[in-house]
$ cat start_16.tsv   # TSV, C-alpha atoms
chain	number	residue	atom	x	y	z
A	1	MET	CA	62.23	63.23	142.90
A	2	SER	CA	60.94	66.51	144.30
A	3	GLY	CA	64.53	67.77	144.95
A	4	GLY	CA	65.55	66.84	141.35
A	5	ARG	CA	62.67	68.83	139.82
A	6	ASN	CA	63.56	71.89	141.93
A	7	HIS	CA	67.17	71.60	140.77
A	8	ARG	CA	66.16	71.57	137.07
A	9	ALA	CA	63.52	74.30	137.28
A	10	PHE	CA	64.51	77.85	136.51
A	11	SER	CA	65.29	79.68	139.74
A	12	PRO	CA	65.33	83.50	139.71
A	13	THR	CA	67.34	83.43	142.93
A	14	ARG	CA	70.11	81.33	141.41
A	15	MET	CA	70.04	83.48	138.26
A	16	LEU	CA	70.38	86.64	140.37
A	17	ALA	CA	73.31	85.07	142.22
A	18	VAL	CA	75.08	84.38	138.92
A	19	LEU	CA	74.21	87.90	137.75
A	20	ALA	CA	75.68	89.44	140.90
A	21	LYS	CA	78.83	87.35	140.50
A	22	GLU	CA	79.32	88.55	136.91
A	23	PHE	CA	78.88	92.19	137.94
A	24	ILE	CA	81.40	91.77	140.74
A	25	GLN	CA	83.92	90.22	138.34
A	26	LEU	CA	83.30	93.00	135.84
A	27	THR	CA	83.97	95.72	138.42
A	28	ARG	CA	87.16	93.95	139.52
A	29	ASP	CA	88.44	94.03	135.92
A	30	ARG	CA	88.38	97.80	135.70
A	31	LEU	CA	90.46	98.04	132.54
A	32	THR	CA	88.09	95.84	130.54
A	33	TYR	CA	85.13	97.74	131.98
A	34	ALA	CA	86.70	101.04	130.88
A	35	MET	CA	87.34	99.65	127.41
A	36	LEU	CA	83.74	98.47	127.08
A	37	LEU	CA	82.56	102.00	127.80
A	38	GLY	CA	85.40	103.89	126.19
A	39	VAL	CA	85.56	102.26	122.74
A	40	PRO	CA	81.93	103.04	121.75
A	41	VAL	CA	82.31	106.63	122.97
A	42	VAL	CA	85.56	107.09	121.04
A	43	GLN	CA	84.07	105.55	117.91
A	44	LEU	CA	81.01	107.79	118.14
A	45	LEU	CA	83.09	110.94	118.56
A	46	LEU	CA	85.54	110.07	115.80
A	47	PHE	CA	82.98	109.06	113.20
A	48	GLY	CA	80.59	111.85	114.16
A	49	TYR	CA	82.96	114.79	114.40
A	50	ALA	CA	86.32	113.92	112.89
A	51	ILE	CA	85.56	112.11	109.65
A	52	ASN	CA	84.97	114.39	106.69
A	53	THR	CA	85.27	113.07	103.15
A	54	ASP	CA	84.81	116.52	101.57
A	55	PRO	CA	87.54	118.64	103.17
A	56	LYS	CA	87.45	122.41	102.80
A	57	GLN	CA	89.73	125.28	103.72
A	58	LEU	CA	92.71	123.41	102.29
A	59	PRO	CA	96.03	125.29	102.60
A	60	THR	CA	96.88	127.04	99.36
A	61	ALA	CA	99.85	129.11	98.20
A	62	VAL	CA	99.54	131.66	95.41
A	63	LEU	CA	101.98	133.22	92.98
A	64	VAL	CA	100.44	136.36	91.46
A	65	GLN	CA	102.62	137.77	88.70
A	66	GLU	CA	100.53	140.85	88.02
A	67	ASN	CA	98.74	143.39	90.20
A	68	SER	CA	95.37	143.83	88.54
A	69	VAL	CA	91.66	143.91	89.31
A	70	PHE	CA	91.14	140.67	87.43
A	71	ALA	CA	93.83	138.86	89.43
A	72	ARG	CA	92.36	140.03	92.73
A	73	SER	CA	88.86	139.01	91.65
A	74	ALA	CA	90.10	135.56	90.64
A	75	LEU	CA	91.80	135.11	94.03
A	76	SER	CA	88.66	136.27	95.84
A	77	ALA	CA	86.58	133.76	93.91
A	78	ILE	CA	89.01	130.98	94.82
A	79	ARG	CA	88.91	131.98	98.48
A	80	ASN	CA	85.11	132.35	98.54
A	81	SER	CA	84.59	128.85	97.17
A	82	GLY	CA	85.30	127.59	100.68
A	83	TYR	CA	87.70	124.89	99.51
A	84	PHE	CA	90.88	126.98	99.53
A	85	ASP	CA	92.60	128.75	102.41
A	86	ILE	CA	95.31	131.03	101.04
A	87	VAL	CA	98.08	130.71	103.63
A	88	ALA	CA	101.07	131.94	101.62
A	89	GLN	CA	101.77	134.36	98.79
A	90	VAL	CA	105.18	133.71	97.25
A	91	ARG	CA	107.29	135.56	94.72
A	92	THR	CA	108.92	132.82	92.68
A	93	PRO	CA	107.89	129.48	91.15
A	94	ALA	CA	110.70	127.83	93.15
A	95	GLU	CA	109.15	128.88	96.45
A	96	LEU	CA	105.80	127.56	95.26
A	97	ASP	CA	107.37	124.24	94.29
A	98	THR	CA	109.05	123.89	97.68
A	99	LEU	CA	105.82	124.43	99.59
A	100	VAL	CA	104.01	121.76	97.56
A	101	ARG	CA	106.90	119.27	97.71
A	102	GLN	CA	107.23	119.60	101.49
A	103	GLY	CA	103.50	119.16	101.95
A	104	GLU	CA	103.03	122.59	103.51
A	105	VAL	CA	100.18	123.36	101.10
A	106	GLN	CA	97.71	121.21	99.20
A	107	PHE	CA	97.32	123.59	96.26
A	108	ALA	CA	99.50	126.10	94.41
A	109	VAL	CA	97.81	128.75	92.27
A	110	THR	CA	99.70	130.74	89.64
A	111	ILE	CA	98.23	133.80	87.95
A	112	PRO	CA	100.53	134.69	85.04
A	113	GLY	CA	101.75	138.19	84.26
A	114	ASP	CA	99.68	138.44	81.06
A	115	PHE	CA	96.44	137.24	82.64
A	116	SER	CA	94.49	140.53	82.35
A	117	ARG	CA	95.74	141.27	78.84
A	118	ARG	CA	94.65	137.87	77.59
A	119	VAL	CA	91.27	138.18	79.31
A	120	VAL	CA	90.56	141.54	77.65
A	121	ARG	CA	91.66	140.23	74.27
A	122	GLY	CA	89.75	137.01	74.66
A	123	ASP	CA	93.03	135.22	74.04
A	124	LYS	CA	92.64	132.00	76.08
A	125	ALA	CA	93.85	133.30	79.42
A	126	GLN	CA	94.83	130.52	81.81
A	127	LEU	CA	95.10	130.19	85.56
A	128	LEU	CA	97.30	127.31	86.71
A	129	VAL	CA	96.33	125.25	89.78
A	130	GLU	CA	98.80	122.59	90.96
A	131	ALA	CA	97.26	120.02	93.30
A	132	ASP	CA	99.16	117.68	95.61
A	133	ALA	CA	97.26	114.60	94.44
A	134	SER	CA	99.21	112.13	96.57
A	135	ASP	CA	95.94	112.02	98.54
A	136	PRO	CA	93.21	112.01	95.85
A	137	ALA	CA	90.38	112.07	98.40
A	138	ALA	CA	91.61	115.39	99.79
A	139	THR	CA	91.66	117.19	96.47
A	140	GLY	CA	88.65	115.78	94.62
A	141	GLY	CA	86.02	118.23	95.93
A	142	ALA	CA	88.25	121.28	95.52
A	143	VAL	CA	89.19	120.41	91.94
A	144	ALA	CA	85.51	119.92	91.10
A	145	ALA	CA	84.72	123.35	92.55
A	146	LEU	CA	87.23	124.94	90.16
A	147	ALA	CA	85.00	124.05	87.22
A	148	ALA	CA	82.61	126.90	88.05
A	149	LEU	CA	85.37	129.44	88.66
A	150	PRO	CA	85.88	130.85	85.10
A	151	ALA	CA	82.20	131.71	84.64
A	152	GLU	CA	81.78	133.40	88.04
A	153	ALA	CA	85.10	134.98	89.06
A	154	LEU	CA	85.09	138.04	86.74
A	155	ARG	CA	81.33	138.41	86.31
A	156	HIS	CA	81.26	141.80	88.04
A	157	ASP	CA	84.42	143.09	86.31
A	158	LEU	CA	83.60	142.22	82.72
A	159	ILE	CA	80.69	144.39	81.72
A	160	GLY	CA	79.53	146.08	78.53
A	161	SER	CA	81.61	145.09	75.54
A	162	LEU	CA	83.81	142.93	77.79
A	163	ALA	CA	80.88	140.84	79.04
A	164	PRO	CA	81.84	137.19	78.59
A	165	ASP	CA	79.98	134.83	76.36
A	166	ALA	CA	78.27	132.13	78.40
A	167	ALA	CA	79.63	129.52	76.00
A	168	ALA	CA	83.19	130.88	76.21
A	169	PRO	CA	84.33	131.81	79.75
A	170	PRO	CA	86.96	134.61	79.92
A	171	PHE	CA	89.66	132.23	81.10
A	172	GLU	CA	90.26	128.60	81.85
A	173	VAL	CA	91.64	126.82	84.88
A	174	VAL	CA	94.42	124.36	84.11
A	175	VAL	CA	94.72	121.76	86.86
A	176	HIS	CA	98.02	119.95	87.19
A	177	ARG	CA	97.88	116.97	89.54
A	178	ARG	CA	101.32	116.36	90.96
A	179	TYR	CA	102.72	113.08	92.36
A	180	ASN	CA	99.66	111.07	91.34
A	181	PRO	CA	98.42	112.53	88.04
A	182	GLU	CA	96.06	109.65	87.31
A	183	ASN	CA	94.41	109.86	90.75
A	184	ILE	CA	95.10	106.20	91.47
A	185	THR	CA	93.82	105.47	94.96
A	186	ALA	CA	96.17	102.51	95.43
A	187	HIS	CA	99.18	104.82	95.16
A	188	ASN	CA	97.95	106.57	98.29
A	189	ILE	CA	96.54	103.61	100.23
A	190	VAL	CA	99.24	100.99	99.65
A	191	PRO	CA	102.17	103.04	101.07
A	192	GLY	CA	99.93	103.95	103.99
A	193	LEU	CA	99.24	100.28	104.62
A	194	LEU	CA	102.88	99.84	105.58
A	195	GLY	CA	102.32	101.99	108.68
A	196	VAL	CA	99.09	100.21	109.60
A	197	ILE	CA	100.60	96.74	109.13
A	198	LEU	CA	103.69	97.54	111.19
A	199	SER	CA	101.59	99.07	113.96
A	200	MET	CA	99.09	96.24	114.08
A	201	THR	CA	101.64	93.46	114.16
A	202	LEU	CA	104.52	94.94	116.17
A	203	VAL	CA	102.48	96.59	118.92
A	204	MET	CA	100.30	93.52	119.39
A	205	MET	CA	103.13	90.98	119.14
A	206	THR	CA	105.20	92.78	121.77
A	207	ALA	CA	102.29	93.45	124.10
A	208	LEU	CA	101.04	89.86	123.95
A	209	GLY	CA	104.49	88.27	124.07
A	210	VAL	CA	105.64	90.07	127.20
A	211	THR	CA	102.24	89.75	128.92
A	212	ARG	CA	102.30	86.00	128.22
A	213	GLU	CA	105.67	85.73	129.99
A	214	GLN	CA	104.34	87.74	132.93
A	215	GLU	CA	101.33	85.41	133.22
A	216	ARG	CA	103.59	82.37	133.21
A	217	GLY	CA	106.01	83.90	135.71
A	218	THR	CA	109.02	83.51	133.44
A	219	MET	CA	109.64	87.26	133.30
A	220	GLU	CA	110.21	87.45	137.05
A	221	SER	CA	112.64	84.56	136.77
A	222	LEU	CA	114.55	86.44	134.11
A	223	LEU	CA	114.71	89.58	136.23
A	224	ALA	CA	116.05	87.53	139.13
A	225	THR	CA	119.25	87.07	137.13
A	226	PRO	CA	121.98	89.78	137.05
A	227	VAL	CA	120.66	90.98	133.70
A	228	GLN	CA	119.56	94.62	133.94
A	229	PRO	CA	115.99	95.56	132.98
A	230	LEU	CA	117.20	97.71	130.08
A	231	GLU	CA	119.21	94.77	128.76
A	232	VAL	CA	116.16	92.54	129.01
A	233	MET	CA	114.03	95.09	127.24
A	234	VAL	CA	116.48	95.61	124.39
A	235	GLY	CA	117.12	91.88	124.09
A	236	LYS	CA	113.43	91.07	123.87
A	237	LEU	CA	112.63	93.80	121.34
A	238	ALA	CA	115.61	93.34	119.02
A	239	PRO	CA	114.24	90.23	117.19
A	240	TYR	CA	111.04	92.09	116.43
A	241	VAL	CA	113.08	94.87	114.81
A	242	VAL	CA	114.28	92.29	112.30
A	243	VAL	CA	110.68	91.12	111.82
A	244	GLY	CA	109.59	94.70	111.15
A	245	LEU	CA	112.34	95.27	108.61
A	246	ILE	CA	111.41	92.06	106.76
A	247	GLN	CA	107.77	93.16	106.73
A	248	THR	CA	108.81	96.52	105.29
A	249	VAL	CA	110.81	94.95	102.47
A	250	VAL	CA	107.96	92.54	101.64
A	251	VAL	CA	105.28	95.28	101.61
A	252	LEU	CA	107.36	97.67	99.50
A	253	THR	CA	108.28	94.91	97.04
A	254	LEU	CA	104.66	93.86	96.61
A	255	ALA	CA	103.58	97.50	96.35
A	256	ARG	CA	105.95	97.93	93.42
A	257	LEU	CA	105.26	94.63	91.68
A	258	LEU	CA	101.49	94.35	92.17
A	259	PHE	CA	100.28	97.95	92.39
A	260	ASP	CA	103.01	99.76	90.45
A	261	VAL	CA	103.52	102.24	93.28
A	262	PRO	CA	106.25	104.69	92.22
A	263	MET	CA	109.53	104.68	94.11
A	264	ARG	CA	110.86	108.17	93.57
A	265	GLY	CA	113.62	108.22	96.19
A	266	GLY	CA	114.21	109.67	99.61
A	267	TRP	CA	115.72	106.37	100.71
A	268	LEU	CA	117.80	107.78	103.59
A	269	GLY	CA	114.81	109.52	105.16
A	270	LEU	CA	112.62	106.49	104.54
A	271	GLY	CA	115.17	104.17	106.19
A	272	VAL	CA	115.48	106.39	109.26
A	273	GLY	CA	111.71	106.75	109.44
A	274	VAL	CA	111.14	103.00	109.23
A	275	MET	CA	113.64	102.31	112.02
A	276	LEU	CA	112.19	105.00	114.28
A	277	PHE	CA	108.66	103.79	113.65
A	278	ILE	CA	109.51	100.14	114.32
A	279	VAL	CA	111.31	100.95	117.58
A	280	GLY	CA	108.50	103.29	118.63
A	281	SER	CA	105.82	100.66	117.93
A	282	LEU	CA	107.75	98.00	119.84
A	283	SER	CA	108.27	100.36	122.78
A	284	LEU	CA	104.57	101.14	122.79
A	285	GLY	CA	103.76	97.43	122.82
A	286	PHE	CA	106.15	96.99	125.73
A	287	LEU	CA	104.46	99.86	127.57
A	288	ILE	CA	101.05	98.26	127.00
A	289	SER	CA	102.36	95.00	128.44
A	290	THR	CA	103.29	96.79	131.66
A	291	VAL	CA	99.75	98.17	131.99
A	292	ALA	CA	97.80	95.04	131.01
A	293	ARG	CA	97.48	92.19	133.46
A	294	THR	CA	96.40	89.57	130.94
A	295	GLN	CA	96.83	88.88	127.24
A	296	LEU	CA	93.17	89.77	126.67
A	297	GLN	CA	93.71	93.20	128.18
A	298	ALA	CA	96.85	93.64	126.09
A	299	MET	CA	94.87	92.84	122.94
A	300	GLN	CA	92.10	95.26	123.94
A	301	LEU	CA	94.58	98.08	124.56
A	302	SER	CA	96.31	97.38	121.25
A	303	PHE	CA	92.96	97.60	119.48
A	304	PHE	CA	92.21	100.83	121.34
A	305	TYR	CA	95.46	102.27	119.96
A	306	MET	CA	94.79	101.08	116.43
A	307	LEU	CA	91.38	102.74	116.21
A	308	PRO	CA	92.60	106.38	116.20
A	309	SER	CA	95.74	105.33	114.31
A	310	ILE	CA	93.62	104.31	111.33
A	311	LEU	CA	90.99	107.04	111.56
A	312	LEU	CA	93.02	110.10	112.57
A	313	SER	CA	96.34	109.57	110.81
A	314	GLY	CA	95.16	110.40	107.30
A	315	PHE	CA	95.31	106.76	106.22
A	316	MET	CA	91.60	106.39	105.37
A	317	PHE	CA	90.29	109.95	105.48
A	318	PRO	CA	91.88	113.29	104.51
A	319	PHE	CA	93.84	114.61	107.47
A	320	ARG	CA	93.18	118.23	106.54
A	321	GLY	CA	89.44	117.57	106.42
A	322	MET	CA	89.30	117.03	110.16
A	323	PRO	CA	88.57	119.71	112.77
A	324	GLU	CA	91.58	121.32	114.38
A	325	TRP	CA	91.15	119.48	117.67
A	326	THR	CA	91.24	116.09	115.93
A	327	GLN	CA	94.23	117.17	113.86
A	328	ALA	CA	95.97	118.00	117.14
A	329	LEU	CA	95.17	114.48	118.39
A	330	GLY	CA	96.37	113.05	115.11
A	331	THR	CA	99.77	114.72	115.40
A	332	ILE	CA	100.37	112.79	118.65
A	333	ILE	CA	99.95	109.48	116.84
A	334	PRO	CA	103.20	108.20	115.26
A	335	VAL	CA	101.38	106.66	112.31
A	336	THR	CA	100.49	110.18	111.11
A	337	HIS	CA	104.13	111.18	110.77
A	338	PHE	CA	105.20	107.81	109.39
A	339	LEU	CA	102.61	108.01	106.62
A	340	ARG	CA	103.99	111.41	105.63
A	341	VAL	CA	107.50	109.96	105.48
A	342	VAL	CA	106.50	106.93	103.39
A	343	ARG	CA	104.27	108.83	100.99
A	344	GLY	CA	106.80	111.66	100.79
A	345	ALA	CA	109.55	109.25	99.81
A	346	LEU	CA	107.66	107.00	97.42
A	347	LEU	CA	105.33	109.49	95.75
A	348	LYS	CA	107.23	112.79	96.00
A	349	GLY	CA	110.86	111.77	96.27
A	350	GLN	CA	111.30	114.08	99.26
A	351	SER	CA	114.79	114.71	100.58
A	352	PHE	CA	115.90	114.01	104.16
A	353	ALA	CA	115.50	117.71	104.96
A	354	ASP	CA	111.95	117.75	103.57
A	355	MET	CA	111.05	114.91	105.97
A	356	GLY	CA	112.78	116.64	108.91
A	357	PRO	CA	109.65	117.64	110.89
A	358	SER	CA	108.08	114.19	110.61
A	359	LEU	CA	111.32	112.39	111.50
A	360	LEU	CA	111.79	114.67	114.51
A	361	ALA	CA	108.27	113.90	115.70
A	362	LEU	CA	108.96	110.16	115.40
A	363	ALA	CA	112.23	110.51	117.32
A	364	ILE	CA	110.49	112.38	120.15
A	365	PHE	CA	107.82	109.68	120.30
A	366	VAL	CA	110.44	106.92	120.50
A	367	CYS	CA	112.34	108.62	123.33
A	368	ALA	CA	109.20	109.42	125.34
A	369	VAL	CA	107.53	106.02	125.01
A	370	ALA	CA	110.73	104.02	125.53
A	371	ALA	CA	111.54	105.97	128.72
A	372	LEU	CA	108.01	105.53	130.02
A	373	ALA	CA	108.01	101.81	129.15
A	374	LEU	CA	111.29	101.29	131.00
A	375	ALA	CA	110.04	103.20	134.05
A	376	ARG	CA	106.78	101.23	134.13
A	377	TYR	CA	108.67	97.98	133.56
A	378	ARG	CA	110.77	98.49	136.69
A	379	THR	CA	107.73	99.52	138.73
A	380	THR	CA	105.59	96.65	137.57
A	381	LEU	CA	107.94	93.74	137.93
A	382	ASP	CA	110.07	94.73	140.89
$ encode --input "start_16.tsv" --output "structure tokens"
Amino acid sequence: MSGGRNHRAFSPTRMLAVLAKEFIQLTRDRLTYAMLLGVPVVQLLLFGYAINTDPKQLPTAVLVQENSVFARSALSAIRNSGYFDIVAQVRTPAELDTLVRQGEVQFAVTIPGDFSRRVVRGDKAQLLVEADASDPAATGGAVAALAALPAEALRHDLIGSLAPDAAAPPFEVVVHRRYNPENITAHNIVPGLLGVILSMTLVMMTALGVTREQERGTMESLLATPVQPLEVMVGKLAPYVVVGLIQTVVVLTLARLLFDVPMRGGWLGLGVGVMLFIVGSLSLGFLISTVARTQLQAMQLSFFYMLPSILLSGFMFPFRGMPEWTQALGTIIPVTHFLRVVRGALLKGQSFADMGPSLLALAIFVCAVAALALARYRTTLD
């Protein structure tokens, strides 16, 4: 009876023994331990420093068709608002159109040749601002700031008899939203979802599938055959390529039917981009499977990859609103370039050449990750 009571009573010694055992197991699983510490730190840094829903200093190109005091004052007022960073001054409307279509600038400002004359005459002078509204969240604050521009820009130039009437500003700003004139958020989010869905499913499926075979020992059995590692790798990933293509067709079809997302063209570039992104995601999943020892670790690493992919790629928050160091991190992530390809094709109708930089970045990612996955695969399973 006495021994039974001692067995049931709470024993600090036994509790400490269990506690020590758990700590020892935790230190043996170093990858999980690193994830437990790393994920909160990464989340804190990303949400604290990188996320900005009111981006400023957005790249802007200007076409000034007259050399006048009023034109220079208007440009200074635009620059001083803090929302616009004038990075290019072009000579023709065609150059301006190219910069906006290729995504090099977020805004294009045109000051017409008769701007000063109309201002002096009080003849409804206009200043045209074209906004790349394929990402409405990136342009909302800047467009709102333009409302105060007509009343402030020429305040020091128009004096005496030219002093403007407070009720009638000397000119007006005409904002032309391109690619998404109605500012429909779904037109930006739904194409971006394609990249997130492909990443989430393909990376995780590959990482878990190969890790499961390693845990069961069937992968070593396969490698014991004359089949070369590269042949095994290609053979195992090929079915998932088909899965990724089916997912792409389903998502794009639903995007068109349910959300009325425009399909403006760029099919060749989109097709190449989809293939590169699928192969890159599968190769990354394969690489994760060579690092992870268990399926749980593979899932944790996949989640660790998805976190910056969603936050830093421009999917949820404006890419240009982030600090430069987070933009540099974002350019390493393939989702960033894939989103540009998808949105460029569906919303802008970009040509293959327009998508060139993003497609090149995806190709480099595929080559680097596939080579690393193959090297790790040999090292791990030999």
$ closest_atom_pairs --input "start_16.tsv" --of "segment 261-282 of chain A" --to "segment 330-341 of chain A" --cutoff "10 Å" --atoms "all atoms listed in the file" --output "CSV"
residue,atom,partner,partner_atom,distance
A:Gly266,CA,A:Val341,CA,8.9
A:Gly269,CA,A:Val341,CA,7.3
A:Leu270,CA,A:Val341,CA,6.3
A:Gly271,CA,A:Val341,CA,9.6
A:Val272,CA,A:Val341,CA,9.5
A:Gly273,CA,A:Phe338,CA,6.6
A:Val274,CA,A:Phe338,CA,7.6
A:Leu276,CA,A:Phe338,CA,9.0
A:Phe277,CA,A:Phe338,CA,6.8
A:Gly280,CA,A:Pro334,CA,8.0
A:Ser281,CA,A:Pro334,CA,8.4
$ write_last_selection --input "start_16.tsv" --atoms "C-alpha atoms" --output "compact mmCIF listing (two decimals), in the coordinates of the input"
# COMPACT_ATOMS: atom_id res chain seq x y z
CA GLY A 266 114.21 109.67 99.61
CA GLY A 269 114.81 109.52 105.16
CA LEU A 270 112.62 106.49 104.54
CA GLY A 271 115.17 104.17 106.19
CA VAL A 272 115.48 106.39 109.26
CA GLY A 273 111.71 106.75 109.44
CA VAL A 274 111.14 103.00 109.23
CA LEU A 276 112.19 105.00 114.28
CA PHE A 277 108.66 103.79 113.65
CA GLY A 280 108.50 103.29 118.63
CA SER A 281 105.82 100.66 117.93
$ closest_residue --input "start_16.tsv" --among "A:Leu202, A:Val120, A:Val210, A:Leu149" --to "Tyr377 of chain A" --atoms "all atoms listed in the file"
A:Val210
$ atom_distance --input "start_16.tsv" --atom1 "atom CA of Arg216 of chain A" --atom2 "atom CA of Val242 of chain A"
25.5 Å
$ closest_residue --input "start_16.tsv" --among "A:Leu154, A:Ala131, A:Met205, A:Leu311" --to "Asp97 of chain A" --atoms "all atoms listed in the file"
A:Ala131
$ atom_distance --input "start_16.tsv" --atom1 "atom CA of Ser199 of chain A" --atom2 "atom CA of Val105 of chain A"
27.5 Å
$ atom_distance --input "start_16.tsv" --atom1 "atom CA of Ala292 of chain A" --atom2 "atom CA of Leu360 of chain A"
29.2 Å
$ closest_residue --input "start_16.tsv" --among "A:Phe115, A:Trp325, A:Phe259, A:Tyr305" --to "Ala71 of chain A" --atoms "all atoms listed in the file"
A:Phe115
$ residues_around --input "start_16.tsv" --residues "segment 189-196 of chain A" --least-positions-apart "3" --cutoff "8 Å" --atoms "only C-alpha atoms" --output "ChimeraX atom specification"
/A:185-186,199-200,248,251-252,255,259,261,309-310,315-316,335,338-339,342-343,346
$ residues_around --input "start_16.tsv" --residues "Tyr49 of chain A" --least-positions-apart "5" --cutoff "9 Å" --atoms "only C-alpha atoms" --output "list of chain:residue names"
A:Leu44, A:Met322, A:Pro323, A:Thr326
$ write_last_selection --input "start_16.tsv" --atoms "C-alpha atoms" --output "mmCIF file, in the frame of the given file"
data_model
loop_
_atom_site.group_PDB
_atom_site.id
_atom_site.type_symbol
_atom_site.label_atom_id
_atom_site.label_comp_id
_atom_site.auth_asym_id
_atom_site.auth_seq_id
_atom_site.Cartn_x
_atom_site.Cartn_y
_atom_site.Cartn_z
ATOM 1 C CA LEU A 44 81.010 107.790 118.140
ATOM 2 C CA MET A 322 89.300 117.030 110.160
ATOM 3 C CA PRO A 323 88.570 119.710 112.770
ATOM 4 C CA THR A 326 91.240 116.090 115.930
#
$ closest_residue --input "start_16.tsv" --among "A:Ala370, A:Leu63, A:Met263, A:Leu208" --to "Met233 of chain A" --atoms "all atoms listed in the file"
A:Ala370
$ residues_around --input "start_16.tsv" --residues "Val234 of chain A" --least-positions-apart "6" --cutoff "12 Å" --atoms "all atoms listed in the file" --output "list of chain:residue names"
A:Thr206, A:Val227, A:Gln228, A:Tyr240, A:Val241, A:Val279, A:Leu282, A:Ser283, A:Phe286, A:Ala370, A:Ala373, A:Leu374
$ closest_residue --input "start_16.tsv" --among "A:Leu146, A:Leu268, A:Ile288, A:Met15" --to "Arg79 of chain A" --atoms "all atoms listed in the file"
A:Leu146
$ residues_around --input "start_16.tsv" --residues "Ala108 of chain A" --least-positions-apart "3" --cutoff "8 Å" --atoms "only C-alpha atoms" --output "NGL selection string"
:A and (60-63 or 96 or 100 or 105 or 129-131)
$ write_last_selection --input "start_16.tsv" --atoms "C-alpha atoms" --output "mmCIF file, keeping the file's coordinate frame"
data_model
loop_
_atom_site.group_PDB
_atom_site.id
_atom_site.type_symbol
_atom_site.label_atom_id
_atom_site.label_comp_id
_atom_site.auth_asym_id
_atom_site.auth_seq_id
_atom_site.Cartn_x
_atom_site.Cartn_y
_atom_site.Cartn_z
ATOM 1 C CA THR A 60 96.880 127.040 99.360
ATOM 2 C CA ALA A 61 99.850 129.110 98.200
ATOM 3 C CA VAL A 62 99.540 131.660 95.410
ATOM 4 C CA LEU A 63 101.980 133.220 92.980
ATOM 5 C CA LEU A 96 105.800 127.560 95.260
ATOM 6 C CA VAL A 100 104.010 121.760 97.560
ATOM 7 C CA VAL A 105 100.180 123.360 101.100
ATOM 8 C CA VAL A 129 96.330 125.250 89.780
ATOM 9 C CA GLU A 130 98.800 122.590 90.960
ATOM 10 C CA ALA A 131 97.260 120.020 93.300
#
$ closest_residue --input "start_16.tsv" --among "A:Glu152, A:Ala133, A:Gly140, A:Gln327" --to "Ser76 of chain A" --atoms "only C-alpha atoms"
A:Glu152
